[in-house]
Amino acid sequence: MSSIYDIFNIGKHGMMAQQKAIQVTAHNLANVNTKGYSRQEVIFEEGMPLNSGPGQSGTGVNAVAIQRKFDSFLEGQLTDSRETFGNLDVQKKAVSKIEDLFYESAGTGINELLSQFFNSMHDLSANPAGTAERSSIISRADALSDTINSVYSSLEQLQKDMNLQVKQAVNDINNISTQIASLNVEINRAEVNGQNANDFRDMRGRLLNELAEKIDVQYFEDDSGQITVIGGGMATLVEKGNSWSLDTKSDPDNYGYYDVVYSPNSNNVLKLTDSISNGRLKGYLTIRDSETRDAMDELDRLAASIASEVNQVHRAGYGLDGSTGTNLFSPSFEAGDVLSQDVGSIRALSTNTGTGSLTIAIDDPSALKFNNYELTFSGGNYTLVNKSTNASSTAVYSDPSSFTFEGLSVTISGSFDAGDKYSISAHKNTAKDIRAAIGMSDTAKIAAATAAADNRGDNRNAIALAQLQDALKIDGNSSFNSYYGSIVGRIGVKSQSINNQYAAHEFSSEQLSNMRESVSGVSIDEEMTNLMKYQHAYEASARLLSIGDELMQTLLDILR
Amino acid sequence: MRVSNNLMSDTVMGNMQRNLEKLLDLQNSASSGKKINKPSDDPAGAARVINYNSAISKAGQYQRNIDNGAAYLNATETAISATQDIFLRAKELALSALSETSSAADRNTMAMEVEQLYEQVRQIANTKYDNRYIFAGLKTDVAPYDNTGSYTGTASNGGYIDVEIDAGITMSVNMPGYAVFGSATDGTDVLAALSDLKTAMESNDTVAIEGAMTNLDSGMDQVSDALSYIGARLNRLDIAKNHFDTLLFDLAKYKSDTEDADITNIISQLALQETMLEVSRATAAKVLQQSILDFMR
């Protein structure tokens, strides 16, 4: 048996289903330009058939679900791609800043000023008593120092910016984690009731991508549709409705710059800095702790070598006023100068527990190599490692002991515990502090002569100073200029490699997002066609109601 | 493949962006005239440019050193040449003083002229160039021949002032007085010879005149030796200077080869890139304009 009411029902359900479809189409169209939106589709299913007369008769259509078009494999790849993008984007911009600081074709930079400084020494050798020549040396020494100072402070500024960005990124990460956790709850609440939380899932996906841009993440979805997010290789940031925040902590062993730390509970603080492997955070950390630091170290080394070598020759000479032993640059790097903790030439690790004291002084300026060293105590021994060559030497330590290496003399006294560690770099901060040590009013002190007698005509020390320019004073195989050239070359290679990686990554990520668009993107043409389709179906269903009405009328007319 | 609206606009935008980026790079090269604008454009090249820059600056400085040295040597040469005529005149006077026909009174008059000659030579030996006594050795602030005509400059073997004319190569650009005019201890003291001549003429002593003349002769040899020594060094400076002219030219060429853009090439690439950008703009305008809406009533 079938009833006219069934026709009404089919018509009603048809209209409702098509109307739902039109609503979803409208939603799709409205979100055609929404980032991360996945297009949705209504799933129609035929109604439960009724057993009747000649056979089962259909009961029309039901809109059973709204699905989003989505490829989870692609989404995973896109998330990975965001991590790399974040990392490379930071590094690309920062390294390009660094290379701008070092490169000069026009000739206003360190290299040119270095040449000019030594040229002025030549000019002095042509006229050793000349006042103009002497003033020119001081003003060029000033210009050279100022430029080294300013490049150094720009690098330091960049380093500090990166450090602030670390803090900012950690704040952003915490913010996003909280939002993801609350979306987890929303999604679970909706889906427990059999709904598809399409839009919530899109929002969560978008947040996940934003998170991935900041830090490397791994994530998986559990049965309840909630995701667990692990950031920086080991920190659980989100699990179901809970989120844990990262924090920053000033690291005394890294010039007070921030460490990223993770404390899942109050008595457990994990240092995350070294395990972060991708995302903007990695970029910030790399630039802060490697790129700018390397460049600053090289600049320090250049400045220290210039100051030390020029001063050595200058001290041996005599000025017009008969003075000798004067330095042309400060810091002086003279025998007996004690390395200072304040400028960071010696740095004790904050975890040192021993009470011993360490004094390092310059023993022989001509033997200085300006490498970075690390002094470690273990048992009754100390080990000195040259960080540049990795050469190490171990000796038995007794209280007190003293030894010399590469122009430095070390005196250790008191007791040290195993594991106590010191970083030593005599050149630390020289690029920041270097300046001419002779004032414009003291040009008579410039030592052009090799003896106090005949010091107005004697130019031999001026020539010796001028000849330093070609001397292979850095590592025994570079002059000052060529060392500078090698710094520029190294930074150029670094920047070039990052640019290439960036370009390659840009291309592959474009391919990925095209693939995603192809699956999840909204096509207006398609939606408009669907709209017409659904509209026609709606009209047809409505028509069915009026037919039903007519049928009912016919039936009632019989009874009249 | 399913094509969505964003896929289409993203692709068009991406291509346009890439074209714009290339165009910017080319414009940068064209306007700066350089293909290396930052080290990453060509790291090895950038390091070479740095080295060329320092080499160019240094070569320029060596040229300046050479010019300074040459000026000093030229001043020395001029001064010394001037003494040659004086010595010739002195010799002439000595010869005529030796002549049988000269009387004691004649010799006395000649002695007066010789005294003037002596003063002239002493003045020349105390020549200043650039406010420095050029024959004083290193004691450039003190006149090397004092009132009595004795040498007070830097003593024998010392007193040469060097300049660097090439990496590690120095050359002396002065002549200490003892090597030109002699001193009590070195060579022939020409001032003493003149003074002896004058005394001998005054005392009408032909034997002494003859003795002074012999000294004058060896003094003249000494002066012309000094002149040829200076000439040789000026010659060497000239060669060195030419060397740096060539070197500077070569360095400038190497530098330009390394960092300068091939403008013809850049301009043609620029034109090509502009065309490509136009094409992608036109495509964008066409593709993004239309949708099915245009065909629905």
# chains A, B, ... in the order shown; residues from 1 in each chain; ligands from 1
call {"tool": "interface_residues", "arguments": {"of": "chain B", "to": "chain A", "cutoff": "8 Å", "atoms": "only C-alpha atoms", "output": "PyMOL selection string"}}
result
chain B and resi 1-7+10-11+37-44+46-51+53-54+57-58+61+65+68-69+137-141+161-164+167-168+291-293
call {"tool": "residues_around", "arguments": {"residues": "Val90 in chain A", "least_positions_apart": "3", "cutoff": "12 Å", "atoms": "only C-alpha atoms", "output": "VMD selection string"}}
result
chain A and resid 83 to 87 93 to 97 158 161 to 162 165 to 166 169 213 to 214 278 to 288 291 495 498 to 499 502
call {"tool": "closest_residue", "arguments": {"among": "B:Asn235, B:Gln289, B:Ser9, B:Thr154", "to": "Leu73 in chain B", "atoms": "only C-alpha atoms"}}
result
B:Asn235
call {"tool": "closest_residue", "arguments": {"among": "B:Glu202, B:Asp186, B:Asp146, B:Glu100", "to": "Glu115 in chain B", "atoms": "only C-alpha atoms"}}
result
B:Glu202
call {"tool": "select_by_dssp", "arguments": {"residues": "range 57-229 of chain A", "states": "strand (DSSP E)", "output": "list in words"}}
result
Val61, Asn62, Ala63, Val64, Ala65, Ile66, Gln67, Arg68, Val217, Gln218, Tyr219, Phe220, Glu221, Ile227, Thr228 and Val229 of chain A
call {"tool": "atom_distance", "arguments": {"atom1": "CA of Gln116 in chain B", "atom2": "CA of Gly187 in chain B"}}
result
22.9 Å
call {"tool": "residues_around", "arguments": {"residues": "range 320-322 of chain A", "least_positions_apart": "2", "cutoff": "7 Å", "atoms": "only C-alpha atoms", "output": "mmCIF file with all heavy atoms, in the first residue's frame"}}
result
data_model
loop_
_atom_site.group_PDB
_atom_site.id
_atom_site.type_symbol
_atom_site.label_atom_id
_atom_site.label_comp_id
_atom_site.auth_asym_id
_atom_site.auth_seq_id
_atom_site.Cartn_x
_atom_site.Cartn_y
_atom_site.Cartn_z
ATOM 1 N N TYR A 318 109.763 55.121 17.500
ATOM 2 C CA TYR A 318 109.889 56.356 18.280
ATOM 3 C C TYR A 318 109.117 57.482 17.618
ATOM 4 O O TYR A 318 109.133 57.627 16.400
ATOM 5 C CB TYR A 318 111.355 56.756 18.422
ATOM 6 C CG TYR A 318 112.115 55.826 19.335
ATOM 7 C CD1 TYR A 318 112.543 54.588 18.869
ATOM 8 C CD2 TYR A 318 112.367 56.177 20.661
ATOM 9 C CE1 TYR A 318 113.218 53.710 19.710
ATOM 10 C CE2 TYR A 318 113.037 55.308 21.503
ATOM 11 C CZ TYR A 318 113.464 54.080 21.028
ATOM 12 O OH TYR A 318 114.103 53.228 21.860
ATOM 13 N N THR A 324 108.388 56.320 23.063
ATOM 14 C CA THR A 324 108.413 54.989 22.470
ATOM 15 C C THR A 324 107.535 54.080 23.317
ATOM 16 O O THR A 324 107.135 54.447 24.425
ATOM 17 C CB THR A 324 109.850 54.442 22.387
ATOM 18 O OG1 THR A 324 109.814 53.162 21.746
ATOM 19 C CG2 THR A 324 110.457 54.276 23.780
ATOM 20 N N ALA A 444 102.464 63.672 17.418
ATOM 21 C CA ALA A 444 103.915 63.523 17.544
ATOM 22 C C ALA A 444 104.279 62.143 18.071
ATOM 23 O O ALA A 444 105.399 61.677 17.902
ATOM 24 C CB ALA A 444 104.468 64.601 18.467
ATOM 25 N N LYS A 445 103.324 61.488 18.721
ATOM 26 C CA LYS A 445 103.600 60.172 19.288
ATOM 27 C C LYS A 445 103.615 59.066 18.224
ATOM 28 O O LYS A 445 104.004 57.931 18.517
ATOM 29 C CB LYS A 445 102.549 59.833 20.348
ATOM 30 C CG LYS A 445 102.605 60.721 21.586
ATOM 31 C CD LYS A 445 102.007 60.013 22.769
ATOM 32 C CE LYS A 445 101.990 60.853 24.034
ATOM 33 N NZ LYS A 445 103.249 61.571 24.291
ATOM 34 N N ALA A 452 115.370 57.163 18.821
ATOM 35 C CA ALA A 452 115.025 58.498 19.291
ATOM 36 C C ALA A 452 115.811 59.549 18.524
ATOM 37 O O ALA A 452 115.337 60.653 18.281
ATOM 38 C CB ALA A 452 115.298 58.614 20.791
ATOM 39 N N ASN A 455 114.795 61.444 14.671
ATOM 40 C CA ASN A 455 113.427 60.963 14.497
ATOM 41 C C ASN A 455 112.593 61.805 13.530
ATOM 42 O O ASN A 455 111.474 61.456 13.225
ATOM 43 C CB ASN A 455 112.725 60.823 15.851
ATOM 44 C CG ASN A 455 112.798 62.106 16.634
ATOM 45 O OD1 ASN A 455 112.983 63.174 16.045
ATOM 46 N ND2 ASN A 455 112.665 62.011 17.945
ATOM 47 N N ARG A 456 113.147 62.889 13.020
ATOM 48 C CA ARG A 456 112.374 63.674 12.050
ATOM 49 C C ARG A 456 112.577 63.170 10.631
ATOM 50 O O ARG A 456 111.753 63.404 9.758
ATOM 51 C CB ARG A 456 112.745 65.161 12.126
ATOM 52 C CG ARG A 456 112.423 65.788 13.473
ATOM 53 C CD ARG A 456 112.571 67.285 13.415
ATOM 54 N NE ARG A 456 111.512 67.913 12.657
ATOM 55 C CZ ARG A 456 110.322 68.204 13.169
ATOM 56 N NH1 ARG A 456 110.047 67.904 14.418
ATOM 57 N NH2 ARG A 456 109.398 68.776 12.433
#
call {"tool": "residues_around", "arguments": {"residues": "Tyr52 in chain B", "least_positions_apart": "4", "cutoff": "7 Å", "atoms": "only C-alpha atoms", "output": "list of chain:residue names"}}
result
B:Arg48, B:Ile56, B:Leu251, B:Lys255
call {"tool": "residues_around", "arguments": {"residues": "range 176-182 of chain B", "least_positions_apart": "4", "cutoff": "6 Å", "atoms": "only C-alpha atoms", "output": "list in words"}}
result
Phe135, Ala136, Gly137, Gly159, Asp186, Gly187, Thr188, Asp189, Val190, Val223 and Ala226 of chain B
